[in-house]
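Here's target.cif, which has mmCIF, C-alpha atoms and all ligand atoms:
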data_entry
#
loop_
_atom_site.label_atom_id
_atom_site.label_comp_id
_atom_site.auth_asym_id
_atom_site.auth_seq_id
_atom_site.Cartn_x
_atom_site.Cartn_y
_atom_site.Cartn_z
CA MET A 271 93.55 94.82 112.26
CA ALA A 272 92.56 93.98 108.67
CA GLY A 273 92.31 97.17 106.62
CA ILE A 274 94.74 100.07 106.66
CA VAL A 275 96.74 101.03 109.73
CA VAL A 276 98.95 104.12 109.55
CA LYS A 277 101.29 104.50 112.53
CA ASP A 278 103.27 107.60 113.36
CA LEU A 279 104.28 108.56 109.81
CA TYR A 280 106.89 111.25 109.24
CA LYS A 281 107.82 112.64 105.87
CA THR A 282 110.03 115.55 104.88
CA TYR A 283 110.64 115.92 101.13
CA LYS A 284 114.21 116.51 100.00
CA GLY A 285 115.01 120.21 100.09
CA ALA A 286 111.81 121.09 101.97
CA GLU A 287 112.08 123.28 105.07
CA GLU A 288 108.99 121.89 106.78
CA PRO A 289 107.96 118.28 107.28
CA THR A 290 104.81 117.28 105.34
CA LEU A 291 103.79 114.50 107.76
CA LYS A 292 104.41 114.90 111.48
CA GLY A 293 103.49 111.70 113.29
CA LEU A 294 100.34 110.87 111.33
CA SER A 295 98.31 107.94 112.69
CA PHE A 296 94.88 106.56 111.80
CA SER A 297 93.18 103.35 110.73
CA PHE A 298 90.42 102.25 108.37
CA ARG A 299 88.75 98.87 108.68
CA GLU A 300 88.58 96.40 105.82
CA GLY A 301 85.42 96.63 103.71
CA SER A 302 84.70 100.29 104.40
CA ILE A 303 84.43 103.33 102.15
CA ALA A 304 86.78 105.76 103.80
CA GLY A 305 87.58 109.40 103.14
CA LEU A 306 90.87 111.17 103.83
CA LEU A 307 89.99 114.86 104.09
CA GLY A 308 91.95 118.02 104.76
CA PRO A 309 92.72 121.51 103.48
CA ASN A 310 95.19 122.13 100.62
CA GLY A 311 98.67 121.04 101.59
CA ALA A 312 97.48 118.97 104.58
CA GLY A 313 99.43 115.95 103.25
CA LYS A 314 96.64 113.79 101.79
CA THR A 315 98.37 112.92 98.51
CA THR A 316 101.63 112.24 100.35
CA THR A 317 99.80 109.92 102.75
CA ILE A 318 98.07 107.86 100.10
CA SER A 319 101.27 107.75 98.04
CA ILE A 320 103.00 106.21 101.06
CA ILE A 321 100.11 103.78 101.62
CA CYS A 322 100.39 102.67 97.97
CA GLY A 323 104.17 102.29 98.18
CA LEU A 324 104.89 105.12 95.71
CA VAL A 325 106.60 107.41 98.23
CA ARG A 326 108.79 106.34 101.13
CA ALA A 327 108.16 107.72 104.63
CA ASN A 328 111.13 108.82 106.74
CA ASP A 329 109.67 107.08 109.75
CA GLY A 330 106.57 105.21 110.88
CA GLN A 331 104.72 102.21 109.52
CA VAL A 332 101.81 101.27 107.27
CA LEU A 333 100.04 97.91 107.62
CA ILE A 334 97.79 96.71 104.79
CA ASN A 335 95.60 93.84 106.03
CA ASP A 336 98.17 93.31 108.80
CA MET A 337 101.06 93.16 106.32
CA PRO A 338 103.98 95.60 106.63
CA GLN A 339 105.31 97.12 103.40
CA ASP A 340 108.50 95.08 103.39
CA ALA A 341 110.12 93.05 100.63
CA ALA A 342 108.42 89.85 101.84
CA HIS A 343 104.92 91.34 101.37
CA ARG A 344 105.49 93.75 98.46
CA GLU A 345 104.08 91.47 95.73
CA ARG A 346 100.99 90.48 97.75
CA ILE A 347 100.24 94.10 98.63
CA LYS A 348 100.74 95.19 95.00
CA LYS A 349 98.13 92.65 93.86
CA LEU A 350 95.53 93.75 96.36
CA ILE A 351 95.83 97.53 95.83
CA GLY A 352 94.53 99.55 92.89
CA VAL A 353 95.70 103.16 92.66
CA VAL A 354 93.92 105.98 90.83
CA PRO A 355 96.26 108.98 90.84
CA GLN A 356 95.06 112.59 90.65
CA ARG A 357 96.74 113.08 87.28
CA ILE A 358 95.56 111.05 84.30
CA ALA A 359 98.09 108.26 83.86
CA LEU A 360 97.13 107.21 80.33
CA TYR A 361 98.98 107.57 77.03
CA PRO A 362 97.10 110.28 75.09
CA GLN A 363 98.04 108.96 71.62
CA LEU A 364 96.78 105.44 72.36
CA SER A 365 93.14 104.34 72.41
CA ALA A 366 91.44 103.22 75.63
CA VAL A 367 91.72 99.57 74.61
CA GLU A 368 95.44 99.97 73.78
CA ASN A 369 96.10 101.76 77.08
CA LEU A 370 94.17 99.22 79.13
CA THR A 371 95.81 96.28 77.33
CA TYR A 372 99.18 97.77 78.26
CA PHE A 373 98.20 98.11 81.94
CA GLY A 374 96.59 94.65 81.96
CA ASN A 375 99.82 93.15 80.59
CA LEU A 376 101.75 94.75 83.46
CA TYR A 377 99.60 92.67 85.82
CA GLY A 378 100.21 89.54 83.77
CA PHE A 379 96.80 89.43 82.02
CA LYS A 380 96.76 88.69 78.31
CA GLY A 381 94.71 87.76 75.26
CA LYS A 382 90.96 87.17 75.05
CA ALA A 383 90.30 87.15 78.80
CA LEU A 384 91.95 90.57 79.17
CA LEU A 385 90.08 92.04 76.20
CA GLN A 386 86.81 90.72 77.59
CA ARG A 387 87.50 92.30 81.01
CA ILE A 388 88.44 95.60 79.31
CA MET A 389 85.24 95.65 77.24
CA GLU A 390 83.10 94.79 80.29
CA LEU A 391 84.62 97.63 82.31
CA LEU A 392 84.37 100.10 79.42
CA GLU A 393 80.67 99.28 79.34
CA VAL A 394 80.30 99.71 83.12
CA PHE A 395 81.79 103.20 82.73
CA GLY A 396 79.80 104.11 79.61
CA LEU A 397 82.88 104.18 77.37
CA GLU A 398 82.20 101.21 75.08
CA LYS A 399 81.48 103.41 72.06
CA SER A 400 84.81 105.21 72.52
CA ALA A 401 86.83 102.03 73.13
CA HIS A 402 89.05 102.59 70.09
CA LYS A 403 89.27 106.38 70.24
CA GLU A 404 92.60 107.94 71.28
CA ILE A 405 92.59 109.26 74.85
CA TYR A 406 93.48 112.82 73.77
CA LYS A 407 90.07 112.96 72.09
CA TYR A 408 88.29 112.10 75.37
CA SER A 409 86.58 114.73 77.56
CA GLY A 410 87.91 115.28 81.11
CA GLY A 411 85.20 113.08 82.60
CA MET A 412 85.86 110.28 80.10
CA LYS A 413 89.61 110.38 80.87
CA ARG A 414 88.91 110.12 84.57
CA ARG A 415 86.60 107.13 84.06
CA ALA A 416 89.22 105.40 81.87
CA ASN A 417 91.87 106.18 84.52
CA ILE A 418 89.78 104.30 87.10
CA ILE A 419 89.45 101.29 84.80
CA ALA A 420 93.26 101.11 84.51
CA ALA A 421 93.43 100.73 88.30
CA ILE A 422 90.82 97.95 88.63
CA LEU A 423 91.76 95.57 85.82
CA HIS A 424 93.28 93.21 88.41
CA ASN A 425 90.16 93.45 90.63
CA PRO A 426 91.96 94.93 93.68
CA SER A 427 90.31 94.43 97.06
CA LEU A 428 91.57 97.87 98.16
CA LEU A 429 91.00 100.76 95.78
CA VAL A 430 92.77 104.04 96.59
CA LEU A 431 91.71 107.16 94.68
CA ASP A 432 93.14 110.69 94.85
CA GLU A 433 90.34 113.19 94.16
CA PRO A 434 88.58 111.03 91.57
CA THR A 435 85.65 113.42 91.20
CA ALA A 436 87.54 116.74 91.09
CA GLY A 437 86.68 118.83 88.06
CA VAL A 438 84.39 116.37 86.29
CA ASP A 439 80.84 117.00 85.08
CA VAL A 440 77.82 116.00 87.14
CA GLN A 441 77.10 112.93 84.99
CA SER A 442 80.64 111.52 85.25
CA ARG A 443 80.70 112.26 88.98
CA GLY A 444 77.41 110.39 89.46
CA MET A 445 78.73 107.42 87.54
CA ILE A 446 82.03 107.33 89.46
CA LEU A 447 80.24 107.52 92.83
CA GLN A 448 77.78 104.80 91.82
CA PHE A 449 80.71 102.63 90.75
CA LEU A 450 82.47 103.17 94.10
CA ARG A 451 79.31 102.15 96.01
CA ASP A 452 78.86 99.04 93.83
CA TYR A 453 82.52 98.08 94.07
CA ASN A 454 82.33 98.41 97.86
CA ARG A 455 79.14 96.31 97.96
CA GLN A 456 81.11 93.56 96.22
CA GLY A 457 83.26 93.37 99.35
CA ASN A 458 86.11 95.70 98.40
CA SER A 459 87.58 98.50 100.53
CA ILE A 460 87.80 102.04 99.21
CA LEU A 461 89.96 104.92 100.39
CA TYR A 462 89.57 108.25 98.65
CA THR A 463 90.52 111.89 99.06
CA SER A 464 88.20 114.74 98.25
CA HIS A 465 87.56 118.42 98.86
CA LEU A 466 83.84 117.85 98.33
CA LEU A 467 82.55 117.42 101.85
CA GLU A 468 78.90 116.92 100.95
CA GLU A 469 80.01 114.08 98.69
CA ALA A 470 82.23 112.55 101.38
CA GLN A 471 79.41 112.83 103.93
CA SER A 472 77.04 110.82 101.75
CA LEU A 473 79.63 108.32 100.47
CA CYS A 474 81.90 107.50 103.40
CA GLU A 475 81.31 105.32 106.43
CA GLU A 476 84.51 106.62 107.99
CA VAL A 477 86.51 109.79 107.53
CA VAL A 478 89.83 111.08 108.76
CA ILE A 479 90.28 114.84 108.86
CA MET A 480 93.96 115.72 108.74
CA ASP A 481 95.75 119.05 108.81
CA GLU A 482 99.39 120.09 108.71
CA GLY A 483 100.56 116.49 108.55
CA GLN A 484 98.62 115.21 111.53
CA MET A 485 95.34 113.45 112.19
CA ILE A 486 92.86 115.87 113.71
CA VAL A 487 89.78 113.68 114.11
CA GLN A 488 88.50 110.34 112.83
CA GLY A 489 85.03 108.80 112.82
CA ASN A 490 81.72 108.11 111.14
CA PRO A 491 80.45 111.34 109.49
CA LYS A 492 77.02 111.20 111.21
CA GLU A 493 78.57 110.61 114.61
CA LEU A 494 81.10 113.42 114.11
CA ILE A 495 78.27 115.81 113.21
CA GLN A 496 76.19 114.73 116.22
CA SER A 497 79.15 115.09 118.56
CA GLN A 498 79.37 118.85 117.87
CA PRO A 499 76.20 120.76 118.84
CA THR A 500 77.09 123.65 116.49
CA CYS A 501 77.61 121.40 113.44
CA ASP A 502 74.85 120.50 110.92
CA ASN A 503 77.00 118.77 108.33
CA LEU A 504 80.50 117.50 107.59
CA GLU A 505 81.60 120.88 106.25
CA ASP A 506 80.78 122.44 109.66
CA VAL A 507 82.78 119.66 111.35
CA PHE A 508 85.68 120.23 108.94
CA LEU A 509 85.73 123.97 109.66
CA HIS A 510 85.32 123.35 113.39
CA TYR A 511 88.52 121.30 113.44
CA THR A 512 90.62 123.00 110.74
CA GLY A 513 89.53 126.63 111.20
CA HIS A 514 88.80 129.36 108.68
CA ALA A 515 92.36 130.52 107.97
CA LEU A 516 93.30 130.42 104.28
CA ARG A 517 96.03 127.96 103.21
CA ASP A 518 98.19 129.84 100.73
N1 LIG B 1 107.44 115.89 95.64
C1 LIG B 1 107.40 116.87 96.55
N2 LIG B 1 108.52 117.58 96.85
C2 LIG B 1 108.50 118.57 97.78
N3 LIG B 1 107.40 118.94 98.47
C3 LIG B 1 106.27 118.28 98.22
C4 LIG B 1 106.20 117.21 97.24
N4 LIG B 1 104.92 116.73 97.23
C5 LIG B 1 104.23 117.47 98.14
N5 LIG B 1 105.03 118.39 98.73
C6 LIG B 1 104.63 119.34 99.77
O1 LIG B 1 103.99 118.63 100.83
C7 LIG B 1 102.85 119.37 101.31
C8 LIG B 1 101.63 118.47 101.26
O2 LIG B 1 101.33 118.15 99.92
P1 LIG B 1 100.23 117.07 99.54
O3 LIG B 1 100.09 117.13 98.05
O4 LIG B 1 100.53 115.78 100.16
O5 LIG B 1 98.94 117.70 100.24
P2 LIG B 1 97.41 117.54 99.89
O6 LIG B 1 96.70 117.52 101.20
O7 LIG B 1 97.18 116.39 98.99
O8 LIG B 1 97.09 118.91 99.15
P3 LIG B 1 95.99 119.26 98.02
O9 LIG B 1 94.67 119.22 98.71
O10 LIG B 1 96.38 120.65 97.63
O11 LIG B 1 96.14 118.25 96.91
C9 LIG B 1 102.76 120.63 100.45
O12 LIG B 1 103.34 121.69 101.16
C10 LIG B 1 103.58 120.29 99.23
O13 LIG B 1 104.18 121.45 98.69
#
As a first step, turn the structure in this file into structure tokens.
Ligand SMILES: Nc1ncnc2c1ncn2[C@@H]1O[C@H](COP(=O)(O)OP(=O)(O)OP(=O)(O)O)[C@@H](O)[C@H]1O
Amino acid sequence: MAGIVVKDLYKTYKGAEEPTLKGLSFSFREGSIAGLLGPNGAGKTTTISIICGLVRANDGQVLINDMPQDAAHRERIKKLIGVVPQRIALYPQLSAVENLTYFGNLYGFKGKALLQRIMELLEVFGLEKSAHKEIYKYSGGMKRRANIIAAILHNPSLLVLDEPTAGVDVQSRGMILQFLRDYNRQGNSILYTSHLLEEAQSLCEEVVIMDEGQMIVQGNPKELIQSQPTCDNLEDVFLHYTGHALRD
């Protein structure tokens, strides 16, 4: 199946007593906006880190557009994925243009064409006036928008984002969500994690709710809500499946 297929993933971090992933399986079809949801510690970041090839699973398999993550497919998969990590991965002392030039070079882009792409994307994200300002002078929302640009310079057909809207102001959040919708409309797939269930309900065509390293339920948000007579929204569905116990 084109898209992302996660099969029976197991992961125990070195020194950890408990496994983080315990036979996790799910799939997202190509071209969708998909949400990976779950309480704190459910294993969302671990899962997307494995999907992006940043963390190695102990067992199980991930297929990206039918390709396994082996040496023969590594380069092709790297070109088609863009990763936006939770933490800002930019050099604070460098300007946005300097940072983005550095990341563009890593993908083999250079010169005028790269600068043009950088300036276009800075404009899309409302950062053109701060193009030459050092990142440490940016607000939290500006840093997050610049962080997304770093992940899409190579125009990936699968964009994976770890909580891209956490802790940003309403304006930045609106812009990021609009960008994700537009990027998806251009034919690209999006996988994102979030704790904001109202946001996920309105953005995602498919969601996976996971807990304690396993998939609990997967489906279209509307259909999941309709399938539970006591649920009015995705938050109700989330609580129905994951319970009210605190995760400390
Ligand atoms: N590098 C690591 N070394 C050891 N344990 C880790 C590491 N990364 C994550 N864990 C553990 O794995 C579990 C799942 O963490 P993970 O960050 O994947 O969950 P999450 O669903 O993304 O949580 P959150 O919503 O809080 O971001 C946690 O118990 C965490 O402490």
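Among the candidates A:Glu493, A:Glu398, A:Asp432, A:Glu469, the residue lying nearest to A:Thr316 is A:Asp432 (atoms considered: only C-alpha atoms).
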With ligand LIG 1 (chain B) as the partner and 10 Å as the cut-off, tabulate the residues of chain A that qualify, each row holding the nearest pair of atoms and their distance in Å to one decimal, using all atoms listed in the file, sorted by chain and rising number, as JSON lines.
{"residue": "A:Lys281", "atom": "CA", "partner": "B:LIG1", "partner_atom": "O1", "distance": 8.7}
{"residue": "A:Thr282", "atom": "CA", "partner": "B:LIG1", "partner_atom": "N3", "distance": 7.7}
{"residue": "A:Tyr283", "atom": "CA", "partner": "B:LIG1", "partner_atom": "C2", "distance": 4.8}
{"residue": "A:Lys284", "atom": "CA", "partner": "B:LIG1", "partner_atom": "C2", "distance": 6.5}
{"residue": "A:Gly285", "atom": "CA", "partner": "B:LIG1", "partner_atom": "C2", "distance": 7.1}
{"residue": "A:Ala286", "atom": "CA", "partner": "B:LIG1", "partner_atom": "C2", "distance": 5.9}
{"residue": "A:Glu287", "atom": "CA", "partner": "B:LIG1", "partner_atom": "N3", "distance": 9.2}
{"residue": "A:Glu288", "atom": "CA", "partner": "B:LIG1", "partner_atom": "O12", "distance": 8.0}
{"residue": "A:Pro289", "atom": "CA", "partner": "B:LIG1", "partner_atom": "O1", "distance": 7.6}
{"residue": "A:Thr290", "atom": "CA", "partner": "B:LIG1", "partner_atom": "O1", "distance": 4.8}
{"residue": "A:Leu291", "atom": "CA", "partner": "B:LIG1", "partner_atom": "C8", "distance": 7.9}
{"residue": "A:Leu306", "atom": "CA", "partner": "B:LIG1", "partner_atom": "O6", "distance": 9.0}
{"residue": "A:Leu307", "atom": "CA", "partner": "B:LIG1", "partner_atom": "O6", "distance": 7.8}
{"residue": "A:Gly308", "atom": "CA", "partner": "B:LIG1", "partner_atom": "O6", "distance": 6.0}
{"residue": "A:Pro309", "atom": "CA", "partner": "B:LIG1", "partner_atom": "O9", "distance": 5.6}
{"residue": "A:Asn310", "atom": "CA", "partner": "B:LIG1", "partner_atom": "O9", "distance": 3.5}
{"residue": "A:Gly311", "atom": "CA", "partner": "B:LIG1", "partner_atom": "O8", "distance": 3.6}
{"residue": "A:Ala312", "atom": "CA", "partner": "B:LIG1", "partner_atom": "O6", "distance": 3.8}
{"residue": "A:Gly313", "atom": "CA", "partner": "B:LIG1", "partner_atom": "O4", "distance": 3.3}
{"residue": "A:Lys314", "atom": "CA", "partner": "B:LIG1", "partner_atom": "O6", "distance": 3.8}
{"residue": "A:Thr315", "atom": "CA", "partner": "B:LIG1", "partner_atom": "O7", "distance": 3.7}
{"residue": "A:Thr316", "atom": "CA", "partner": "B:LIG1", "partner_atom": "O4", "distance": 3.7}
{"residue": "A:Thr317", "atom": "CA", "partner": "B:LIG1", "partner_atom": "O4", "distance": 6.4}
{"residue": "A:Ile318", "atom": "CA", "partner": "B:LIG1", "partner_atom": "O4", "distance": 8.3}
{"residue": "A:Ser319", "atom": "CA", "partner": "B:LIG1", "partner_atom": "O4", "distance": 8.3}
{"residue": "A:Ile320", "atom": "CA", "partner": "B:LIG1", "partner_atom": "O4", "distance": 9.9}
{"residue": "A:Val325", "atom": "CA", "partner": "B:LIG1", "partner_atom": "N1", "distance": 8.9}
{"residue": "A:Gln356", "atom": "CA", "partner": "B:LIG1", "partner_atom": "O11", "distance": 8.5}
{"residue": "A:Asp432", "atom": "CA", "partner": "B:LIG1", "partner_atom": "O7", "distance": 8.1}
{"residue": "A:Glu433", "atom": "CA", "partner": "B:LIG1", "partner_atom": "O11", "distance": 8.2}
{"residue": "A:Thr463", "atom": "CA", "partner": "B:LIG1", "partner_atom": "O7", "distance": 8.0}
{"residue": "A:Ser464", "atom": "CA", "partner": "B:LIG1", "partner_atom": "O9", "distance": 7.9}
{"residue": "A:His465", "atom": "CA", "partner": "B:LIG1", "partner_atom": "O9", "distance": 7.2}
{"residue": "A:Met480", "atom": "CA", "partner": "B:LIG1", "partner_atom": "O6", "distance": 8.2}
{"residue": "A:Asp481", "atom": "CA", "partner": "B:LIG1", "partner_atom": "O6", "distance": 7.8}
{"residue": "A:Glu482", "atom": "CA", "partner": "B:LIG1", "partner_atom": "C8", "distance": 7.9}
{"residue": "A:Gly483", "atom": "CA", "partner": "B:LIG1", "partner_atom": "C8", "distance": 7.6}
{"residue": "A:Arg517", "atom": "CA", "partner": "B:LIG1", "partner_atom": "O10", "distance": 9.2}
{"residue": "A:Asp518", "atom": "CA", "partner": "B:LIG1", "partner_atom": "O12", "distance": 9.7}
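In terms of minimum interatomic distance to A:Lys349, A:Cys322 ranks closest within A:Cys322, A:Met389, A:Leu494, A:Ile419, counting all atoms listed in the file.
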* Which polymer residues have any atom within 12 Å of an atom of A:Gln441, counting all atoms listed in the file, with same-chain residues fewer than 5 positions away left out, as JSON, numbers by chain? -> {"A": [395, 396, 410, 411, 412, 415, 435, 446, 447, 448]}
Hey, what's within 9 Å of A:Gly330 if we count only C-alpha atoms and toss same-chain stuff fewer than 3 positions away? As an mmCIF file with C-alpha atoms, in the frame of the given file, please?
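Below is the file part_14.cif, written as the result:
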data_model
loop_
_atom_site.group_PDB
_atom_site.id
_atom_site.type_symbol
_atom_site.label_atom_id
_atom_site.label_comp_id
_atom_site.auth_asym_id
_atom_site.auth_seq_id
_atom_site.Cartn_x
_atom_site.Cartn_y
_atom_site.Cartn_z
ATOM 1 C CA VAL A 276 98.950 104.120 109.550
ATOM 2 C CA LYS A 277 101.290 104.500 112.530
ATOM 3 C CA ASP A 278 103.270 107.600 113.360
ATOM 4 C CA LEU A 279 104.280 108.560 109.810
ATOM 5 C CA TYR A 280 106.890 111.250 109.240
ATOM 6 C CA GLY A 293 103.490 111.700 113.290
ATOM 7 C CA LEU A 294 100.340 110.870 111.330
ATOM 8 C CA SER A 295 98.310 107.940 112.690
ATOM 9 C CA ALA A 327 108.160 107.720 104.630
#
Would you list the contacts of A:Ile422 as a PDB file with C-alpha atoms, keeping the file's coordinate frame, taking every protein, DNA or RNA residue within 10 Å and counting only C-alpha atoms, but skipping same-chain residues closer than 3 positions in sequence?
ATOM      1  CA  LEU A 350      95.530  93.750  96.360  1.00  0.00           C
ATOM      2  CA  ILE A 351      95.830  97.530  95.830  1.00  0.00           C
ATOM      3  CA  GLY A 352      94.530  99.550  92.890  1.00  0.00           C
ATOM      4  CA  VAL A 353      95.700 103.160  92.660  1.00  0.00           C
ATOM      5  CA  VAL A 354      93.920 105.980  90.830  1.00  0.00           C
ATOM      6  CA  PHE A 373      98.200  98.110  81.940  1.00  0.00           C
ATOM      7  CA  GLY A 374      96.590  94.650  81.960  1.00  0.00           C
ATOM      8  CA  ILE A 388      88.440  95.600  79.310  1.00  0.00           C
ATOM      9  CA  LEU A 391      84.620  97.630  82.310  1.00  0.00           C
ATOM     10  CA  ASN A 417      91.870 106.180  84.520  1.00  0.00           C
ATOM     11  CA  ILE A 418      89.780 104.300  87.100  1.00  0.00           C
ATOM     12  CA  ILE A 419      89.450 101.290  84.800  1.00  0.00           C
ATOM     13  CA  ASN A 425      90.160  93.450  90.630  1.00  0.00           C
ATOM     14  CA  PRO A 426      91.960  94.930  93.680  1.00  0.00           C
ATOM     15  CA  SER A 427      90.310  94.430  97.060  1.00  0.00           C
ATOM     16  CA  LEU A 428      91.570  97.870  98.160  1.00  0.00           C
ATOM     17  CA  LEU A 429      91.000 100.760  95.780  1.00  0.00           C
ATOM     18  CA  TYR A 453      82.520  98.080  94.070  1.00  0.00           C
TER      19      TYR A 453
END
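Interatomic distance, atom CA of A:Val430 against atom CA of A:Arg346: 15.9 Å.
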* Between atom CA of A:Ile347 and atom CA of A:Leu360, what is the spacing in Å? -> 22.7 Å
* To do: List the neighbours of A:Glu390 out to 12 Å using all atoms listed in the file; skip same-chain residues closer than 3 positions along the sequence, and give me the result as number ranges by chain.
  => A: 367, 370, 383-387, 393-398, 401, 419, 422-423
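Atom CA of A:Gly378 sits 23.3 Å away from atom CA of A:Gly457.
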Generate the missing atoms of stretch 371-387 of chain A up to N, CA and C atoms and report them as a JSON list (two decimals), in the frame of the given file.
[["chain", "number", "residue", "atom", "x", "y", "z"],
["A", 371, "THR", "N", 95.08, 97.52, 77.63],
["A", 371, "THR", "CA", 95.81, 96.28, 77.33],
["A", 371, "THR", "C", 97.22, 96.37, 77.91],
["A", 372, "TYR", "N", 97.83, 97.56, 77.73],
["A", 372, "TYR", "CA", 99.18, 97.77, 78.26],
["A", 372, "TYR", "C", 99.19, 97.58, 79.79],
["A", 373, "PHE", "N", 98.23, 98.22, 80.48],
["A", 373, "PHE", "CA", 98.20, 98.11, 81.94],
["A", 373, "PHE", "C", 97.85, 96.69, 82.38],
["A", 374, "GLY", "N", 96.95, 96.04, 81.65],
["A", 374, "GLY", "CA", 96.59, 94.65, 81.96],
["A", 374, "GLY", "C", 97.80, 93.74, 81.84],
["A", 375, "ASN", "N", 98.61, 93.96, 80.79],
["A", 375, "ASN", "CA", 99.82, 93.15, 80.59],
["A", 375, "ASN", "C", 100.78, 93.29, 81.77],
["A", 376, "LEU", "N", 100.85, 94.52, 82.32],
["A", 376, "LEU", "CA", 101.75, 94.75, 83.46],
["A", 376, "LEU", "C", 101.36, 93.87, 84.65],
["A", 377, "TYR", "N", 100.07, 93.55, 84.73],
["A", 377, "TYR", "CA", 99.60, 92.67, 85.82],
["A", 377, "TYR", "C", 99.59, 91.20, 85.40],
["A", 378, "GLY", "N", 100.09, 90.93, 84.21],
["A", 378, "GLY", "CA", 100.21, 89.54, 83.77],
["A", 378, "GLY", "C", 98.97, 89.00, 83.06],
["A", 379, "PHE", "N", 97.99, 89.89, 82.75],
["A", 379, "PHE", "CA", 96.80, 89.43, 82.02],
["A", 379, "PHE", "C", 97.04, 89.60, 80.53],
["A", 380, "LYS", "N", 96.49, 88.66, 79.76],
["A", 380, "LYS", "CA", 96.76, 88.69, 78.31],
["A", 380, "LYS", "C", 95.55, 88.18, 77.52],
["A", 381, "GLY", "N", 95.60, 88.42, 76.21],
["A", 381, "GLY", "CA", 94.71, 87.76, 75.26],
["A", 381, "GLY", "C", 93.24, 88.06, 75.44],
["A", 382, "LYS", "N", 92.42, 87.02, 75.10],
["A", 382, "LYS", "CA", 90.96, 87.17, 75.05],
["A", 382, "LYS", "C", 90.36, 87.55, 76.40],
["A", 383, "ALA", "N", 90.86, 86.90, 77.46],
["A", 383, "ALA", "CA", 90.30, 87.15, 78.80],
["A", 383, "ALA", "C", 90.50, 88.61, 79.19],
["A", 384, "LEU", "N", 91.68, 89.16, 78.86],
["A", 384, "LEU", "CA", 91.95, 90.57, 79.17],
["A", 384, "LEU", "C", 91.04, 91.48, 78.36],
["A", 385, "LEU", "N", 90.93, 91.20, 77.06],
["A", 385, "LEU", "CA", 90.08, 92.04, 76.20],
["A", 385, "LEU", "C", 88.64, 92.01, 76.68],
["A", 386, "GLN", "N", 88.19, 90.84, 77.11],
["A", 386, "GLN", "CA", 86.81, 90.72, 77.59],
["A", 386, "GLN", "C", 86.61, 91.57, 78.86],
["A", 387, "ARG", "N", 87.59, 91.50, 79.77],
["A", 387, "ARG", "CA", 87.50, 92.30, 81.01],
["A", 387, "ARG", "C", 87.50, 93.79, 80.67]]
